[in-house]
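Enquirer: Input file: final-v1.tsv. Contents: TSV, C-alpha atoms.
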```tsv
chain	number	residue	atom	x	y	z
A	1	MET	CA	71.73	88.25	82.30
A	2	SER	CA	69.45	85.87	84.19
A	3	SER	CA	70.95	86.27	87.68
A	4	PRO	CA	73.79	88.16	89.37
A	5	THR	CA	77.31	86.76	89.54
A	6	THR	CA	78.82	86.80	93.03
A	7	ILE	CA	82.54	86.96	93.81
A	8	LEU	CA	84.16	86.43	97.21
A	9	ALA	CA	87.42	88.20	97.98
A	10	PRO	CA	88.74	86.32	101.03
A	11	CYS	CA	91.24	88.98	102.12
A	12	GLY	CA	93.20	91.98	100.92
A	13	MET	CA	96.38	89.99	100.36
A	14	LEU	CA	97.03	86.27	100.33
A	15	GLY	CA	99.17	85.58	103.38
A	16	TYR	CA	97.88	88.49	105.45
A	17	GLY	CA	95.39	86.22	107.22
A	18	ILE	CA	91.84	85.18	106.30
A	19	PRO	CA	89.40	85.34	109.24
A	20	GLU	CA	87.68	81.95	109.10
A	21	ARG	CA	84.38	83.22	110.47
A	22	SER	CA	84.06	85.85	107.73
A	23	PHE	CA	85.19	83.47	105.02
A	24	ILE	CA	82.73	80.77	106.07
A	25	GLU	CA	79.88	83.30	106.12
A	26	GLY	CA	80.94	84.46	102.67
A	27	MET	CA	80.90	80.92	101.29
A	28	LYS	CA	77.36	80.48	102.63
A	29	ARG	CA	76.31	83.06	100.02
A	30	LYS	CA	77.34	80.60	97.30
A	31	PRO	CA	79.79	82.75	95.33
A	32	HIS	CA	80.55	81.77	91.75
A	33	ALA	CA	84.30	82.30	92.15
A	34	ILE	CA	86.96	83.21	94.69
A	35	GLY	CA	89.29	85.95	93.49
A	36	VAL	CA	92.33	87.16	95.40
A	37	ASP	CA	95.14	89.61	94.80
A	38	ALA	CA	98.38	88.20	96.19
A	39	GLY	CA	100.81	91.02	95.47
A	40	SER	CA	101.69	94.68	95.75
A	41	THR	CA	104.41	97.21	95.00
A	42	ASP	CA	103.94	98.67	98.49
A	43	PRO	CA	106.93	96.80	100.03
A	44	GLY	CA	109.20	98.34	97.40
A	45	PRO	CA	111.46	96.83	94.75
A	46	HIS	CA	113.51	94.49	96.97
A	47	TYR	CA	111.21	91.47	96.73
A	48	LEU	CA	110.91	91.69	92.97
A	49	GLY	CA	114.69	91.79	92.76
A	50	VAL	CA	115.53	88.94	95.13
A	51	GLY	CA	112.65	86.77	93.94
A	52	LYS	CA	111.17	86.20	97.38
A	53	ALA	CA	107.72	86.64	98.89
A	54	PHE	CA	107.09	89.37	101.45
A	55	THR	CA	104.54	87.30	103.39
A	56	ASN	CA	105.26	84.46	105.80
A	57	ARG	CA	105.17	81.02	104.15
A	58	VAL	CA	103.16	79.44	106.96
A	59	ALA	CA	100.52	82.19	106.72
A	60	TYR	CA	100.54	82.02	102.92
A	61	LYS	CA	99.96	78.26	102.98
A	62	ARG	CA	97.27	78.55	105.62
A	63	ASP	CA	95.34	81.14	103.59
A	64	LEU	CA	95.69	79.23	100.33
A	65	ALA	CA	94.61	75.94	101.96
A	66	LEU	CA	91.51	77.61	103.37
A	67	VAL	CA	90.62	78.92	99.89
A	68	LEU	CA	91.25	75.59	98.17
A	69	ASP	CA	89.20	73.69	100.77
A	70	ALA	CA	86.22	75.95	100.17
A	71	ALA	CA	86.56	75.97	96.38
A	72	LYS	CA	86.83	72.18	96.27
A	73	GLU	CA	83.68	71.74	98.31
A	74	ALA	CA	81.72	74.36	96.34
A	75	GLY	CA	83.07	73.40	92.91
A	76	ILE	CA	83.99	76.98	91.97
A	77	PRO	CA	87.15	78.44	90.42
A	78	VAL	CA	89.95	80.20	92.29
A	79	LEU	CA	91.84	83.05	90.62
A	80	ILE	CA	95.10	84.41	92.08
A	81	GLY	CA	96.87	87.48	90.72
A	82	SER	CA	100.41	88.77	91.39
A	83	ALA	CA	101.36	85.42	92.89
A	84	GLY	CA	104.01	85.42	95.56
A	85	GLY	CA	103.90	89.19	96.05
A	86	ALA	CA	105.84	90.70	93.13
A	87	GLY	CA	104.59	88.31	90.45
A	88	GLY	CA	107.90	87.32	88.81
A	89	HIS	CA	108.90	83.80	87.78
A	90	PRO	CA	110.32	82.86	91.22
A	91	HIS	CA	107.21	84.22	92.94
A	92	LEU	CA	104.99	82.21	90.61
A	93	ALA	CA	107.09	79.10	91.26
A	94	TYR	CA	106.84	79.73	95.02
A	95	THR	CA	103.05	79.85	94.88
A	96	VAL	CA	102.86	76.73	92.71
A	97	GLU	CA	105.13	74.94	95.18
A	98	VAL	CA	102.88	75.82	98.12
A	99	PHE	CA	99.81	74.91	96.07
A	100	ARG	CA	101.22	71.48	95.16
A	101	GLU	CA	102.20	70.86	98.76
A	102	ILE	CA	98.61	71.48	99.87
A	103	CYS	CA	97.19	69.30	97.10
A	104	GLN	CA	99.52	66.41	97.98
A	105	GLU	CA	98.62	66.62	101.66
A	106	LYS	CA	94.89	66.71	100.95
A	107	ASP	CA	94.85	64.51	97.84
A	108	TYR	CA	93.29	67.32	95.80
A	109	HIS	CA	93.25	67.24	92.01
A	110	PHE	CA	92.65	70.48	90.09
A	111	ARG	CA	93.00	71.63	86.51
A	112	VAL	CA	95.46	74.51	86.87
A	113	ALA	CA	96.64	77.35	84.64
A	114	THR	CA	99.83	79.23	85.50
A	115	ILE	CA	100.43	82.53	83.72
A	116	GLY	CA	103.86	84.11	83.73
A	117	ALA	CA	104.38	87.88	83.77
A	118	GLU	CA	108.13	88.30	83.26
A	119	ILE	CA	109.22	89.80	79.94
A	120	ASP	CA	112.62	88.92	78.52
A	121	LYS	CA	115.10	91.71	77.84
A	122	ASP	CA	115.43	91.10	74.10
A	123	THR	CA	111.68	91.60	73.72
A	124	LEU	CA	111.81	94.79	75.76
A	125	LYS	CA	114.69	96.20	73.74
A	126	ALA	CA	112.94	95.36	70.47
A	127	LYS	CA	109.76	97.07	71.67
A	128	ARG	CA	111.78	100.12	72.62
A	129	ARG	CA	113.34	100.30	69.15
A	130	ASP	CA	109.86	100.05	67.66
A	131	GLY	CA	108.70	103.00	69.75
A	132	LYS	CA	106.26	100.89	71.76
A	133	ILE	CA	107.58	101.73	75.22
A	134	LYS	CA	106.51	105.01	76.79
A	135	PRO	CA	107.50	106.62	80.11
A	136	LEU	CA	105.09	106.37	83.04
A	137	ASP	CA	105.55	108.88	85.87
A	138	THR	CA	109.14	109.39	84.72
A	139	ASP	CA	110.76	111.79	82.27
A	140	ASP	CA	112.66	109.29	80.16
A	141	ILE	CA	112.11	105.95	78.47
A	142	PRO	CA	114.40	103.26	79.92
A	143	SER	CA	117.42	102.67	77.71
A	144	GLU	CA	118.53	99.29	76.43
A	145	ALA	CA	121.32	99.48	78.99
A	146	ASP	CA	118.72	100.03	81.71
A	147	PHE	CA	116.96	96.84	80.65
A	148	ASP	CA	120.25	94.93	80.65
A	149	GLU	CA	120.87	96.03	84.25
A	150	CYS	CA	117.47	94.81	85.41
A	151	VAL	CA	117.31	91.63	87.44
A	152	ARG	CA	113.81	91.11	86.09
A	153	VAL	CA	110.93	93.04	84.52
A	154	VAL	CA	107.28	92.07	84.93
A	155	GLY	CA	104.32	93.29	82.91
A	156	GLN	CA	101.07	93.97	84.75
A	157	MET	CA	98.54	91.84	82.84
A	158	GLY	CA	94.87	92.71	82.49
A	159	TYR	CA	91.73	90.57	82.40
A	160	GLU	CA	92.36	88.69	79.16
A	161	PRO	CA	94.79	86.00	80.38
A	162	PHE	CA	92.45	85.11	83.27
A	163	ILE	CA	89.48	84.92	80.91
A	164	ASN	CA	91.44	82.71	78.50
A	165	ALA	CA	92.25	80.35	81.36
A	166	LEU	CA	88.62	80.20	82.52
A	167	GLU	CA	87.49	79.49	78.96
A	168	MET	CA	89.77	76.43	79.00
A	169	GLY	CA	87.81	75.10	81.94
A	170	VAL	CA	90.46	75.31	84.64
A	171	ASP	CA	89.72	75.16	88.36
A	172	VAL	CA	92.61	77.30	89.60
A	173	VAL	CA	94.45	80.20	87.94
A	174	ILE	CA	97.81	81.21	89.40
A	175	ALA	CA	99.09	84.31	87.60
A	176	GLY	CA	102.17	86.48	87.88
A	177	ARG	CA	102.00	90.27	88.17
A	178	ALA	CA	98.48	91.40	87.34
A	179	TYR	CA	96.19	94.39	87.50
A	180	ASP	CA	94.79	94.04	91.03
A	181	PRO	CA	91.06	93.82	90.13
A	182	ALA	CA	91.63	91.35	87.24
A	183	PRO	CA	91.37	88.06	89.17
A	184	ILE	CA	88.32	89.44	90.99
A	185	GLY	CA	86.36	90.38	87.88
A	186	ALA	CA	87.51	87.88	85.25
A	187	LEU	CA	84.47	85.59	85.57
A	188	PRO	CA	81.75	88.28	85.27
A	189	MET	CA	83.80	89.98	82.55
A	190	MET	CA	83.84	86.70	80.61
A	191	GLN	CA	80.09	86.36	81.15
A	192	GLY	CA	79.46	89.68	79.42
A	193	TYR	CA	78.57	92.01	82.27
A	194	ASP	CA	79.22	95.73	81.83
A	195	PRO	CA	83.01	96.13	82.00
A	196	ALA	CA	82.66	99.38	83.95
A	197	LEU	CA	80.68	97.71	86.73
A	198	VAL	CA	82.99	94.70	86.79
A	199	ILE	CA	86.16	96.81	86.93
A	200	HIS	CA	84.77	99.13	89.60
A	201	MET	CA	83.61	96.16	91.70
A	202	GLY	CA	87.06	94.60	91.40
A	203	LYS	CA	88.63	97.87	92.50
A	204	ILE	CA	86.56	97.70	95.70
A	205	LEU	CA	87.02	93.97	96.38
A	206	GLU	CA	90.74	93.64	95.69
A	207	CYS	CA	91.61	94.99	99.14
A	208	GLY	CA	89.17	92.67	100.89
A	209	GLY	CA	87.48	94.12	103.95
A	210	ALA	CA	89.23	97.49	103.64
A	211	ALA	CA	86.05	98.95	102.11
A	212	ALA	CA	83.98	98.13	105.21
A	213	TYR	CA	83.80	99.61	108.69
A	214	PRO	CA	85.61	98.95	111.01
A	215	ARG	CA	88.34	98.97	108.37
A	216	ALA	CA	90.74	96.03	108.03
A	217	GLY	CA	92.36	94.62	104.90
A	218	SER	CA	92.63	91.17	106.46
A	219	ASP	CA	88.96	90.39	106.11
A	220	SER	CA	86.60	89.18	103.41
A	221	LEU	CA	84.27	91.10	101.13
A	222	LEU	CA	81.43	89.97	98.87
A	223	GLY	CA	80.47	91.59	95.59
A	224	TRP	CA	77.81	90.76	93.06
A	225	VAL	CA	76.98	92.35	89.74
A	226	ASP	CA	73.79	92.43	87.67
A	227	ASP	CA	72.77	94.24	84.51
A	228	HIS	CA	72.44	97.64	86.17
A	229	ALA	CA	74.73	97.86	89.21
A	230	PHE	CA	77.07	96.06	91.54
A	231	TYR	CA	76.74	95.54	95.28
A	232	VAL	CA	79.30	95.09	98.05
A	233	GLU	CA	78.72	93.64	101.50
A	234	PRO	CA	81.04	92.36	104.24
A	235	PRO	CA	80.29	88.75	105.22
A	236	ASN	CA	81.60	89.59	108.69
A	237	PRO	CA	78.37	90.33	110.60
A	238	ASP	CA	80.20	92.82	112.82
A	239	LYS	CA	81.01	95.10	109.88
A	240	ILE	CA	79.09	97.26	107.45
A	241	CYS	CA	79.61	98.86	104.08
A	242	THR	CA	78.46	102.46	103.86
A	243	VAL	CA	78.33	104.97	101.04
A	244	ALA	CA	81.27	106.73	102.66
A	245	SER	CA	83.39	103.58	103.07
A	246	VAL	CA	82.85	102.36	99.50
A	247	ALA	CA	83.19	105.80	97.89
A	248	ALA	CA	86.36	106.40	99.91
A	249	HIS	CA	87.85	103.13	98.76
A	250	THR	CA	87.07	104.08	95.18
A	251	LEU	CA	89.51	106.98	95.72
A	252	TYR	CA	92.15	104.71	97.27
A	253	GLU	CA	95.46	104.41	95.38
A	254	LYS	CA	94.36	106.83	92.65
A	255	SER	CA	96.02	110.02	91.49
A	256	ASP	CA	92.81	111.17	89.78
A	257	PRO	CA	89.49	110.92	91.66
A	258	TYR	CA	87.42	110.50	88.48
A	259	ASN	CA	89.55	108.46	86.10
A	260	LEU	CA	91.20	105.11	86.78
A	261	HIS	CA	93.57	103.96	84.04
A	262	LEU	CA	94.01	100.25	83.42
A	263	PRO	CA	95.51	98.02	80.71
A	264	GLY	CA	92.53	98.26	78.34
A	265	GLY	CA	91.22	101.76	78.91
A	266	THR	CA	89.92	104.13	81.57
A	267	LEU	CA	87.23	103.73	84.20
A	268	ASP	CA	85.27	107.00	84.19
A	269	LEU	CA	83.66	107.68	87.58
A	270	ASN	CA	82.20	111.12	86.87
A	271	HIS	CA	78.68	109.70	86.90
A	272	ALA	CA	79.08	106.95	89.50
A	273	VAL	CA	76.27	106.79	92.04
A	274	PHE	CA	76.68	105.25	95.51
A	275	GLU	CA	73.51	104.25	97.37
A	276	GLN	CA	72.87	102.50	100.68
A	277	HIS	CA	71.08	99.35	99.50
A	278	ASP	CA	70.39	98.04	103.00
A	279	ALA	CA	71.96	98.45	106.43
A	280	ARG	CA	75.17	96.62	105.45
A	281	THR	CA	75.26	96.76	101.64
A	282	VAL	CA	76.12	99.50	99.14
A	283	LYS	CA	74.85	99.63	95.56
A	284	VAL	CA	77.00	101.30	92.89
A	285	SER	CA	75.87	102.28	89.39
A	286	GLY	CA	76.70	104.80	86.69
A	287	SER	CA	80.38	103.89	86.21
A	288	GLN	CA	81.53	104.05	82.59
A	289	PHE	CA	84.39	102.38	80.75
A	290	VAL	CA	86.19	104.16	77.93
A	291	ARG	CA	88.17	101.60	75.95
A	292	SER	CA	91.56	102.73	74.69
A	293	ALA	CA	92.68	102.39	71.08
A	294	GLN	CA	95.15	99.73	72.19
A	295	ASN	CA	95.89	97.78	75.33
A	296	THR	CA	98.91	98.80	77.38
A	297	VAL	CA	100.99	96.85	79.89
A	298	LYS	CA	102.64	98.58	82.83
A	299	LEU	CA	106.27	97.48	83.21
A	300	GLU	CA	107.85	97.09	86.64
A	301	GLY	CA	111.58	96.47	86.64
A	302	VAL	CA	114.28	96.37	89.29
A	303	ARG	CA	118.07	96.60	89.29
A	304	PRO	CA	120.62	96.57	92.12
```
Can you give me the file's structure in the form of structure tokens?
Expert:
Amino acid sequence: MSSPTTILAPCGMLGYGIPERSFIEGMKRKPHAIGVDAGSTDPGPHYLGVGKAFTNRVAYKRDLALVLDAAKEAGIPVLIGSAGGAGGHPHLAYTVEVFREICQEKDYHFRVATIGAEIDKDTLKAKRRDGKIKPLDTDDIPSEADFDECVRVVGQMGYEPFINALEMGVDVVIAGRAYDPAPIGALPMMQGYDPALVIHMGKILECGGAAAYPRAGSDSLLGWVDDHAFYVEPPNPDKICTVASVAAHTLYEKSDPYNLHLPGGTLDLNHAVFEQHDARTVKVSGSQFVRSAQNTVKLEGVRP
């Protein structure tokens, strides 16, 4: 690769609040894309079931407008994963509605890709009969009756749909339920950088400023990847990334400290090396990606 690819994660969750000062400083570094995770299972199954967002609409619109303003001026793509919180059809529609409202008010014109994540029940039942559904952290495979009782089921997509959209030349990708680091790392993944470095960087950036001290998810984080390593730095001048903060965030939301399973394989962190690159930046190398024999999609379903 001729030069590093830089990604700006504006915050840990769209709608949680983007600090303008940090975001502006991040944009001064001329990132090649803005990637943001907009969802989580942390609030529980209710929002997936009722088809509503768990963030305030005013805050959601404010954050999205800030991102679109910056992307328009810089001419870089925006990638949003798990739109609307839970990433189902109504959550995707909610995000598109807010997006269109902003574009109408500002007279913006973007090429947009929307990617749905809901899976219909007939498909799920057919996959079950074919033996292609396995239990995850449960003892039993859901029955066909279980699927019938579900209000909706989403599949957590990986990097490929985002890459497909970027290859079509879109400006904005709004996707349903997705693997959290996927919208962060889709561009460098498409460009051919080491998948292990890209995935690990996305793991750090998807929670925004949570990997910097003082810790806060509602802040921005910069990451850039080259042929040998990736680097993370908070654009907020009052914060720093340290070996401890970045290594600790690598362990965040993981049941296994050394292996992180994802739709296409496993991120092996046994040989990962964390180094203080400068006073505010951490360099990470040595991560390895073990591709699985076949891709898997994590199903998230909800019933009353």
Enquirer: For Val282 of chain A, find every residue with an atom within 10 Å (counting only C-alpha atoms), except residues of its own chain fewer than 2 positions away, and show them as a PDB file with C-alpha atoms, keeping the file's coordinate frame.
Expert:
```pdb
ATOM      1  CA  GLY A 223      80.470  91.590  95.590  1.00  0.00           C
ATOM      2  CA  PHE A 230      77.070  96.060  91.540  1.00  0.00           C
ATOM      3  CA  TYR A 231      76.740  95.540  95.280  1.00  0.00           C
ATOM      4  CA  VAL A 232      79.300  95.090  98.050  1.00  0.00           C
ATOM      5  CA  GLU A 233      78.720  93.640 101.500  1.00  0.00           C
ATOM      6  CA  ILE A 240      79.090  97.260 107.450  1.00  0.00           C
ATOM      7  CA  CYS A 241      79.610  98.860 104.080  1.00  0.00           C
ATOM      8  CA  THR A 242      78.460 102.460 103.860  1.00  0.00           C
ATOM      9  CA  VAL A 243      78.330 104.970 101.040  1.00  0.00           C
ATOM     10  CA  ALA A 244      81.270 106.730 102.660  1.00  0.00           C
ATOM     11  CA  SER A 245      83.390 103.580 103.070  1.00  0.00           C
ATOM     12  CA  VAL A 246      82.850 102.360  99.500  1.00  0.00           C
ATOM     13  CA  ALA A 247      83.190 105.800  97.890  1.00  0.00           C
ATOM     14  CA  PHE A 274      76.680 105.250  95.510  1.00  0.00           C
ATOM     15  CA  GLU A 275      73.510 104.250  97.370  1.00  0.00           C
ATOM     16  CA  GLN A 276      72.870 102.500 100.680  1.00  0.00           C
ATOM     17  CA  HIS A 277      71.080  99.350  99.500  1.00  0.00           C
ATOM     18  CA  ASP A 278      70.390  98.040 103.000  1.00  0.00           C
ATOM     19  CA  ALA A 279      71.960  98.450 106.430  1.00  0.00           C
ATOM     20  CA  ARG A 280      75.170  96.620 105.450  1.00  0.00           C
ATOM     21  CA  VAL A 284      77.000 101.300  92.890  1.00  0.00           C
TER      22      VAL A 284
END
```
Enquirer: Tell me which of A:Pro304, A:Gly155, A:Gly12, A:Gly169 sits closest to Ala212 of chain A, counting only C-alpha atoms.
Expert: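 Under the stated criterion, the closest residue is A:Gly12.
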Enquirer: Using all atoms listed in the file, pick whichever of A:Phe147, A:Tyr47, A:Ala175, A:Arg129 has the shortest atom-to-atom distance to Ala93 of chain A.
Expert: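 Smallest separation from Ala93 of chain A among the options: A:Ala175.
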Enquirer: Which residues are close to His109 of chain A, i.e. within 12 Å by only C-alpha atoms, leaving aside same-chain residues fewer than 2 positions away? Reply as a list in words.
Expert: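 Neighbouring residues, sequence-local ones excluded: Leu68, Asp69, Ala71, Lys72, Gly75, Phe99, Arg100, Glu101, Ile102, Cys103, Gln104, Glu105, Lys106, Asp107, Arg111, Val112, Val170, Asp171 and Val172 of chain A.
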Enquirer: What does the distance from atom CA of Ser255 of chain A to atom CA of Asp137 of chain A come to in Å, to one decimal?
Expert: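 Separation of atom CA of Ser255 of chain A and atom CA of Asp137 of chain A: 11.1 Å.
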Enquirer: Please report, as CSV, each residue of segment 111-224 of chain A lying at most 10 Å from segment 259-265 of chain A, together with the nearest pair of atoms and the separation in Å rounded to one decimal; use all atoms listed in the file, and order rows by chain and ascending residue number.
Expert:
```
residue,atom,partner,partner_atom,distance
A:Gln156,CA,A:Pro263,CA,8.0
A:Met157,CA,A:Pro263,CA,7.2
A:Gly158,CA,A:Pro263,CA,5.6
A:Tyr159,CA,A:Pro263,CA,8.5
A:Glu160,CA,A:Gly264,CA,9.6
A:Ala178,CA,A:Pro263,CA,9.8
A:Tyr179,CA,A:Leu262,CA,7.5
A:Asp180,CA,A:Leu262,CA,9.9
A:Pro181,CA,A:Leu262,CA,9.8
A:Ala182,CA,A:Leu262,CA,10.0
A:Ile199,CA,A:Leu262,CA,9.3
A:His200,CA,A:Leu260,CA,9.2
A:Lys203,CA,A:Leu260,CA,9.6
```
Enquirer: At what distance in Å, to one decimal, does atom CA of Glu253 of chain A lie from atom CA of Phe289 of chain A?
Expert: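 For atom CA of Phe289 of chain A relative to atom CA of Glu253 of chain A, the distance reads 18.5 Å.
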Enquirer: Between atom CA of Gly51 of chain A and atom CA of Met168 of chain A, what is the distance in Å, rounded to a tenth?
Expert: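 About the pair atom CA of Gly51 of chain A and atom CA of Met168 of chain A: they are 29.2 Å apart.
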Enquirer: Have a look at A:Val297, A:Ser292, A:Asp256, A:Leu8 and name the one nearest to Pro183 of chain A; count only C-alpha atoms.
Expert: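 The closest residue to Pro183 of chain A is A:Leu8.
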Enquirer: Please tell me which residues are no farther than 12 Å from (78.2, 90.1, 93.4) in the file, counting all atoms listed in the file, and write them as a VMD selection string.
Expert: chain A and resid 3 to 9 26 29 to 35 184 to 185 187 to 188 193 197 to 198 200 to 202 204 to 205 221 to 234 281 to 284
